[in-house]
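A.B. asks: I am sharing work_26.cif, which consists of mmCIF, C-alpha atoms:
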```cif
data_entry
#
loop_
_atom_site.group_PDB
_atom_site.id
_atom_site.type_symbol
_atom_site.label_atom_id
_atom_site.label_comp_id
_atom_site.auth_asym_id
_atom_site.auth_seq_id
_atom_site.Cartn_x
_atom_site.Cartn_y
_atom_site.Cartn_z
ATOM 1 C CA MET A 1 133.766 165.730 51.112
ATOM 2 C CA SER A 2 134.120 162.181 52.506
ATOM 3 C CA ASN A 3 135.573 163.562 55.777
ATOM 4 C CA LYS A 4 132.426 165.614 56.213
ATOM 5 C CA ILE A 5 130.208 162.552 55.619
ATOM 6 C CA VAL A 6 132.224 160.536 58.145
ATOM 7 C CA ARG A 7 131.764 163.287 60.780
ATOM 8 C CA ILE A 8 128.022 163.438 60.105
ATOM 9 C CA VAL A 9 127.707 159.653 60.364
ATOM 10 C CA ARG A 10 129.680 159.659 63.642
ATOM 11 C CA LYS A 11 127.460 162.415 65.055
ATOM 12 C CA LEU A 12 124.329 160.492 64.028
ATOM 13 C CA ALA A 13 125.721 157.329 65.604
ATOM 14 C CA ALA A 14 126.533 159.205 68.820
ATOM 15 C CA LEU A 15 123.080 160.796 68.935
ATOM 16 C CA THR A 16 121.426 157.448 68.230
ATOM 17 C CA SER A 17 123.435 155.832 71.044
ATOM 18 C CA ILE A 18 122.508 158.583 73.490
ATOM 19 C CA LEU A 19 118.850 158.431 72.488
ATOM 20 C CA SER A 20 118.824 154.611 72.816
ATOM 21 C CA ALA A 21 120.408 154.834 76.266
ATOM 22 C CA LEU A 22 117.819 157.413 77.360
ATOM 23 C CA VAL A 23 114.951 155.260 76.063
ATOM 24 C CA PHE A 24 116.375 152.196 77.849
ATOM 25 C CA LEU A 25 116.785 154.193 81.067
ATOM 26 C CA GLY A 26 113.260 155.572 80.734
ATOM 27 C CA MET A 27 111.862 152.053 80.299
ATOM 28 C CA GLN A 28 113.170 151.169 83.749
ATOM 29 C CA PHE A 29 110.624 153.564 85.242
ATOM 30 C CA VAL A 30 107.708 151.675 83.663
ATOM 31 C CA PRO A 31 107.159 148.858 86.154
ATOM 32 C CA ALA A 32 106.107 145.374 85.176
ATOM 33 C CA SER A 33 102.823 144.278 86.717
ATOM 34 C CA THR A 34 104.495 141.566 88.748
ATOM 35 C CA PRO A 35 102.175 138.961 90.273
ATOM 36 C CA LYS A 36 102.457 138.519 94.021
ATOM 37 C CA ALA A 37 105.992 137.344 94.616
ATOM 38 C CA SER A 38 106.376 135.374 97.783
ATOM 39 C CA ALA A 39 108.980 132.635 97.660
ATOM 40 C CA THR A 40 107.642 131.027 100.828
ATOM 41 C CA THR A 41 103.881 130.881 100.260
ATOM 42 C CA GLY A 42 102.288 127.471 100.348
ATOM 43 C CA PRO A 43 103.834 124.029 100.362
ATOM 44 C CA HIS A 44 105.975 122.573 97.616
ATOM 45 C CA MET A 45 104.188 120.154 95.304
ATOM 46 C CA ALA A 46 106.495 117.400 96.593
ATOM 47 C CA GLU A 47 104.759 117.840 99.974
ATOM 48 C CA VAL A 48 101.247 117.724 98.510
ATOM 49 C CA ILE A 49 101.261 114.961 95.882
ATOM 50 C CA ASN A 50 103.486 112.016 95.013
ATOM 51 C CA PRO A 51 106.911 113.247 96.214
ATOM 52 C CA GLN A 52 108.752 112.133 93.075
ATOM 53 C CA VAL A 53 106.296 113.840 90.697
ATOM 54 C CA GLY A 54 105.980 116.824 93.018
ATOM 55 C CA ALA A 55 109.751 117.318 92.932
ATOM 56 C CA ILE A 56 109.646 117.357 89.117
ATOM 57 C CA LEU A 57 106.810 119.904 89.112
ATOM 58 C CA ASP A 58 108.640 122.029 91.701
ATOM 59 C CA ARG A 59 111.813 122.000 89.614
ATOM 60 C CA SER A 60 110.229 122.608 86.223
ATOM 61 C CA CYS A 61 106.937 124.396 86.816
ATOM 62 C CA GLN A 62 106.758 126.351 90.066
ATOM 63 C CA ASP A 63 108.376 129.564 88.796
ATOM 64 C CA CYS A 64 105.419 130.236 86.480
ATOM 65 C CA HIS A 65 102.680 128.189 88.112
ATOM 66 C CA SER A 66 102.861 129.125 91.800
ATOM 67 C CA SER A 67 103.508 132.021 94.110
ATOM 68 C CA ARG A 68 106.887 130.417 94.905
ATOM 69 C CA THR A 69 108.415 132.180 91.908
ATOM 70 C CA THR A 70 112.141 132.798 92.055
ATOM 71 C CA TRP A 71 112.629 136.153 90.320
ATOM 72 C CA PRO A 72 116.038 136.237 88.594
ATOM 73 C CA TRP A 73 117.993 139.495 88.249
ATOM 74 C CA TYR A 74 116.888 139.990 84.649
ATOM 75 C CA SER A 75 113.240 139.979 85.754
ATOM 76 C CA ARG A 76 113.900 143.467 87.126
ATOM 77 C CA VAL A 77 115.220 144.947 83.862
ATOM 78 C CA ALA A 78 112.770 146.253 81.252
ATOM 79 C CA PRO A 79 111.707 145.136 78.716
ATOM 80 C CA VAL A 80 112.565 141.578 79.856
ATOM 81 C CA SER A 81 110.752 142.221 83.149
ATOM 82 C CA TRP A 82 107.543 142.848 81.216
ATOM 83 C CA ILE A 83 107.852 139.550 79.346
ATOM 84 C CA VAL A 84 108.727 137.489 82.428
ATOM 85 C CA SER A 85 105.912 139.050 84.428
ATOM 86 C CA LYS A 86 103.425 138.362 81.643
ATOM 87 C CA HIS A 87 104.499 134.698 81.390
ATOM 88 C CA VAL A 88 104.171 134.201 85.151
ATOM 89 C CA ARG A 89 100.782 135.934 85.308
ATOM 90 C CA GLU A 90 99.439 133.862 82.392
ATOM 91 C CA GLY A 91 100.939 130.667 83.836
ATOM 92 C CA ARG A 92 99.205 131.191 87.163
ATOM 93 C CA GLU A 93 95.902 131.955 85.444
ATOM 94 C CA VAL A 94 96.022 128.606 83.642
ATOM 95 C CA LEU A 95 97.335 126.540 86.563
ATOM 96 C CA ASP A 96 98.406 127.613 90.047
ATOM 97 C CA PHE A 97 100.005 125.064 92.379
ATOM 98 C CA THR A 98 99.970 127.480 95.334
ATOM 99 C CA ASP A 99 96.716 126.212 96.850
ATOM 100 C CA TRP A 100 96.643 122.807 95.170
ATOM 101 C CA ALA A 101 95.981 120.975 98.442
ATOM 102 C CA HIS A 102 92.968 123.188 99.228
ATOM 103 C CA GLN A 103 91.264 123.199 95.823
ATOM 104 C CA PRO A 104 88.168 120.982 95.776
ATOM 105 C CA ASP A 105 87.886 119.968 92.109
ATOM 106 C CA LEU A 106 91.190 119.121 90.437
ATOM 107 C CA ALA A 107 90.005 116.067 88.516
ATOM 108 C CA ASP A 108 91.125 117.285 85.073
ATOM 109 C CA GLU A 109 94.325 119.124 85.982
ATOM 110 C CA PRO A 110 96.642 116.094 86.242
ATOM 111 C CA MET A 111 95.756 114.967 82.713
ATOM 112 C CA LEU A 112 96.070 118.523 81.406
ATOM 113 C CA ILE A 113 99.560 118.604 82.915
ATOM 114 C CA CYS A 114 100.350 115.245 81.294
ATOM 115 C CA ASP A 115 99.123 116.507 77.923
ATOM 116 C CA ALA A 116 101.186 119.711 78.178
ATOM 117 C CA VAL A 117 104.418 117.932 79.073
ATOM 118 C CA SER A 118 103.810 115.085 76.604
ATOM 119 C CA ASP A 119 103.428 117.356 73.610
ATOM 120 C CA GLY A 120 106.405 119.465 74.684
ATOM 121 C CA SER A 121 104.441 122.688 75.106
ATOM 122 C CA MET A 122 105.490 122.836 78.769
ATOM 123 C CA PRO A 123 107.791 123.939 80.151
ATOM 124 C CA LEU A 124 108.186 126.749 77.644
ATOM 125 C CA HIS A 125 111.191 126.394 75.349
ATOM 126 C CA ASP A 126 112.307 129.961 76.176
ATOM 127 C CA TYR A 127 112.305 129.058 79.875
ATOM 128 C CA THR A 128 114.339 125.876 79.464
ATOM 129 C CA LEU A 129 116.967 127.705 77.407
ATOM 130 C CA ILE A 130 117.907 129.678 80.507
ATOM 131 C CA HIS A 131 116.787 127.213 83.204
ATOM 132 C CA ARG A 132 118.308 123.975 81.927
ATOM 133 C CA LYS A 133 117.346 122.028 85.076
ATOM 134 C CA ALA A 134 113.683 122.630 84.213
ATOM 135 C CA LYS A 135 113.944 120.557 81.035
ATOM 136 C CA LEU A 136 111.943 117.341 81.323
ATOM 137 C CA SER A 137 113.382 113.964 80.446
ATOM 138 C CA LYS A 138 111.285 111.165 78.974
ATOM 139 C CA ARG A 139 111.339 109.545 82.411
ATOM 140 C CA ASP A 140 110.005 112.779 83.980
ATOM 141 C CA VAL A 141 107.157 112.876 81.453
ATOM 142 C CA ASP A 142 106.378 109.200 82.058
ATOM 143 C CA LEU A 143 106.271 109.736 85.835
ATOM 144 C CA ILE A 144 103.987 112.767 85.474
ATOM 145 C CA CYS A 145 101.646 110.927 83.123
ATOM 146 C CA GLY A 146 101.614 107.846 85.347
ATOM 147 C CA TRP A 147 100.658 110.041 88.299
ATOM 148 C CA ALA A 148 97.990 111.741 86.174
ATOM 149 C CA ALA A 149 96.568 108.383 85.130
ATOM 150 C CA ALA A 150 96.351 107.258 88.750
ATOM 151 C CA ALA A 151 94.633 110.532 89.662
ATOM 152 C CA SER A 152 92.182 110.186 86.735
ATOM 153 C CA PRO A 153 90.708 106.673 86.927
ATOM 154 C CA SER A 154 88.529 107.348 83.878
ATOM 155 C CA MET A 155 91.618 107.391 81.625
ATOM 156 C CA SER A 156 92.086 104.218 79.645
ATOM 157 C CA SER A 157 95.540 102.674 79.304
ATOM 158 C CA LEU A 158 95.349 103.317 75.543
ATOM 159 C CA GLN A 159 94.896 107.076 76.098
ATOM 160 C CA ILE A 160 97.763 107.140 78.594
ATOM 161 C CA SER A 161 100.054 105.238 76.236
ATOM 162 C CA LYS A 162 99.120 107.563 73.376
ATOM 163 C CA SER A 163 99.836 110.724 75.415
ATOM 164 C CA THR A 164 103.238 109.498 76.630
ATOM 165 C CA ASN A 165 104.248 108.347 73.146
ATOM 166 C CA GLN A 166 103.415 111.693 71.526
ATOM 167 C CA LYS A 167 106.740 113.054 72.744
ATOM 168 C CA ASN A 168 108.743 110.308 70.968
#
```
Any chance you could put this one into structure tokens?
C.D. replies:
Amino acid sequence: MSNKIVRIVRKLAALTSILSALVFLGMQFVPASTPKASATTGPHMAEVINPQVGAILDRSCQDCHSSRTTWPWYSRVAPVSWIVSKHVREGREVLDFTDWAHQPDLADEPMLICDAVSDGSMPLHDYTLIHRKAKLSKRDVDLICGWAAAASPSMSSLQISKSTNQKN
């Protein structure tokens, strides 16, 4: 009797494996709605703003917040491709560095960037797990917030100090 149960369990396991493989293969035919993906569109932020801060933003932010996205191999494999594409699309909707130099009213964006990096909400934790170079140091955050303060003269030094100390 136990031999029969073992054979049934093995058959179920084999069928489950085959079915899972077919579902995974089928998912590959459902494309992710990938935002425009040009790795050469527009200047780097280091060419547009303070070069030191721009280099930090290029390193840590451009994959999700510009059309200079570098699409890794796993961004072509479903269901990960769907998640990556969604993050990039949402990131660009919130903030897009692609045409930064040509946008007329960017008064609030530098402080919004400072707030996001100060509270640790950006870059996304999931992103920095894989892209370790994107992780921001305290010095990076301080440089970004200093740049933001210079770009937003209405910010008081107390507000700037408070936003940079939130990460501590």
A.B. asks: As an exercise, work out the distance from CA of Arg132 (chain A) to CA of Asp99 (chain A) in Å and give it to one decimal place.
C.D. replies: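 CA of Asp99 (chain A) lies 26.3 Å from CA of Arg132 (chain A).
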A.B. asks: Once the PyMOL selection byres ((chain A and resi 96) around 12) has been applied to the shown file, what residues remain in the selection, as number ranges by chain?
C.D. replies: A: 35, 42, 44-45, 57-58, 61-69, 88-95, 97-103, 106, 109, 113
A.B. asks: Would you work out the distance separating CA of Val23 (chain A) from CA of Lys4 (chain A), expressed in Å to one decimal?
C.D. replies: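 These two atoms are separated by 28.4 Å.
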A.B. asks: Interatomic distance between CA of Ala46 (chain A) and CA of Cys145 (chain A)?
C.D. replies: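 Between CA of Ala46 (chain A) and CA of Cys145 (chain A) the gap works out to 15.7 Å.
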A.B. asks: Smallest atom-to-atom distance to Val53 (chain A): which of A:Ala13, A:Ile18, A:Val141, A:Ala149, using all atoms listed in the file?
C.D. replies: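 Nearest to Val53 (chain A): A:Val141.
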A.B. asks: Which one is closest to Val30 (chain A): A:Gln52, A:Ser137, A:Thr70, A:Ser81? Count only C-alpha atoms.
C.D. replies: A:Ser81
A.B. asks: Could you tell me which of A:Leu124, A:Ala55, A:Ile49, A:Ala116 comes closest to Val84 (chain A) if we count only C-alpha atoms?
C.D. replies: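 Of all the options, A:Leu124 lies closest to Val84 (chain A).
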A.B. asks: Counting all atoms listed in the file, which residue out of A:Ser60, A:Ser2, A:Ser17, A:Gln28 sits closest to Ala134 (chain A)?
C.D. replies: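 Smallest distance to Ala134 (chain A) is found for A:Ser60.
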A.B. asks: Extract, using only C-alpha atoms, all DNA, RNA and protein residues at most 12 Å from Gly26 (chain A), discarding same-chain residues fewer than 6 positions from it, and format them as a PyMOL selection string.
C.D. replies: chain A and resi 19-20+77-79
A.B. asks: Could you save the residues just selected, with C-alpha atoms, as a PDB file, in the frame of the given file?
C.D. replies:
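Written out: part.pdb:
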```pdb
ATOM      1  CA  LEU A  19     118.850 158.431  72.488  1.00  0.00           C
ATOM      2  CA  SER A  20     118.824 154.611  72.816  1.00  0.00           C
ATOM      3  CA  VAL A  77     115.220 144.947  83.862  1.00  0.00           C
ATOM      4  CA  ALA A  78     112.770 146.253  81.252  1.00  0.00           C
ATOM      5  CA  PRO A  79     111.707 145.136  78.716  1.00  0.00           C
TER       6      PRO A  79
END
```
A.B. asks: Evaluated on this file, the PyMOL selection byres ((chain A and resi 148) around 8) picks out some residues - which ones are they, written as a list in words?
C.D. replies: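 Here the PyMOL selection byres ((chain A and resi 148) around 8) matches Pro110, Met111, Ile113, Cys114, Ile144, Cys145, Gly146, Trp147, Ala149, Ala150, Ala151 and Ser152 of chain A.
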A.B. asks: So, with all atoms listed in the file as the atoms that count, which of A:Arg10, A:Ala21, A:Pro31, A:Arg59 lies closest to Ser85 (chain A)?
C.D. replies: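 Residue with the minimum atom-to-atom distance to Ser85 (chain A): A:Pro31.
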A.B. asks: Assuming 5 Å of padding per side, give the centre and edge lengths of the axis-aligned box around every listed atom of region 57-71 of chain A, in Å to one decimal and as AutoDock Vina command-line options.
C.D. replies:
```
--center_x 107.7 --center_y 128.0 --center_z 90.6 --size_x 19.9 --size_y 26.2 --size_z 18.7
```
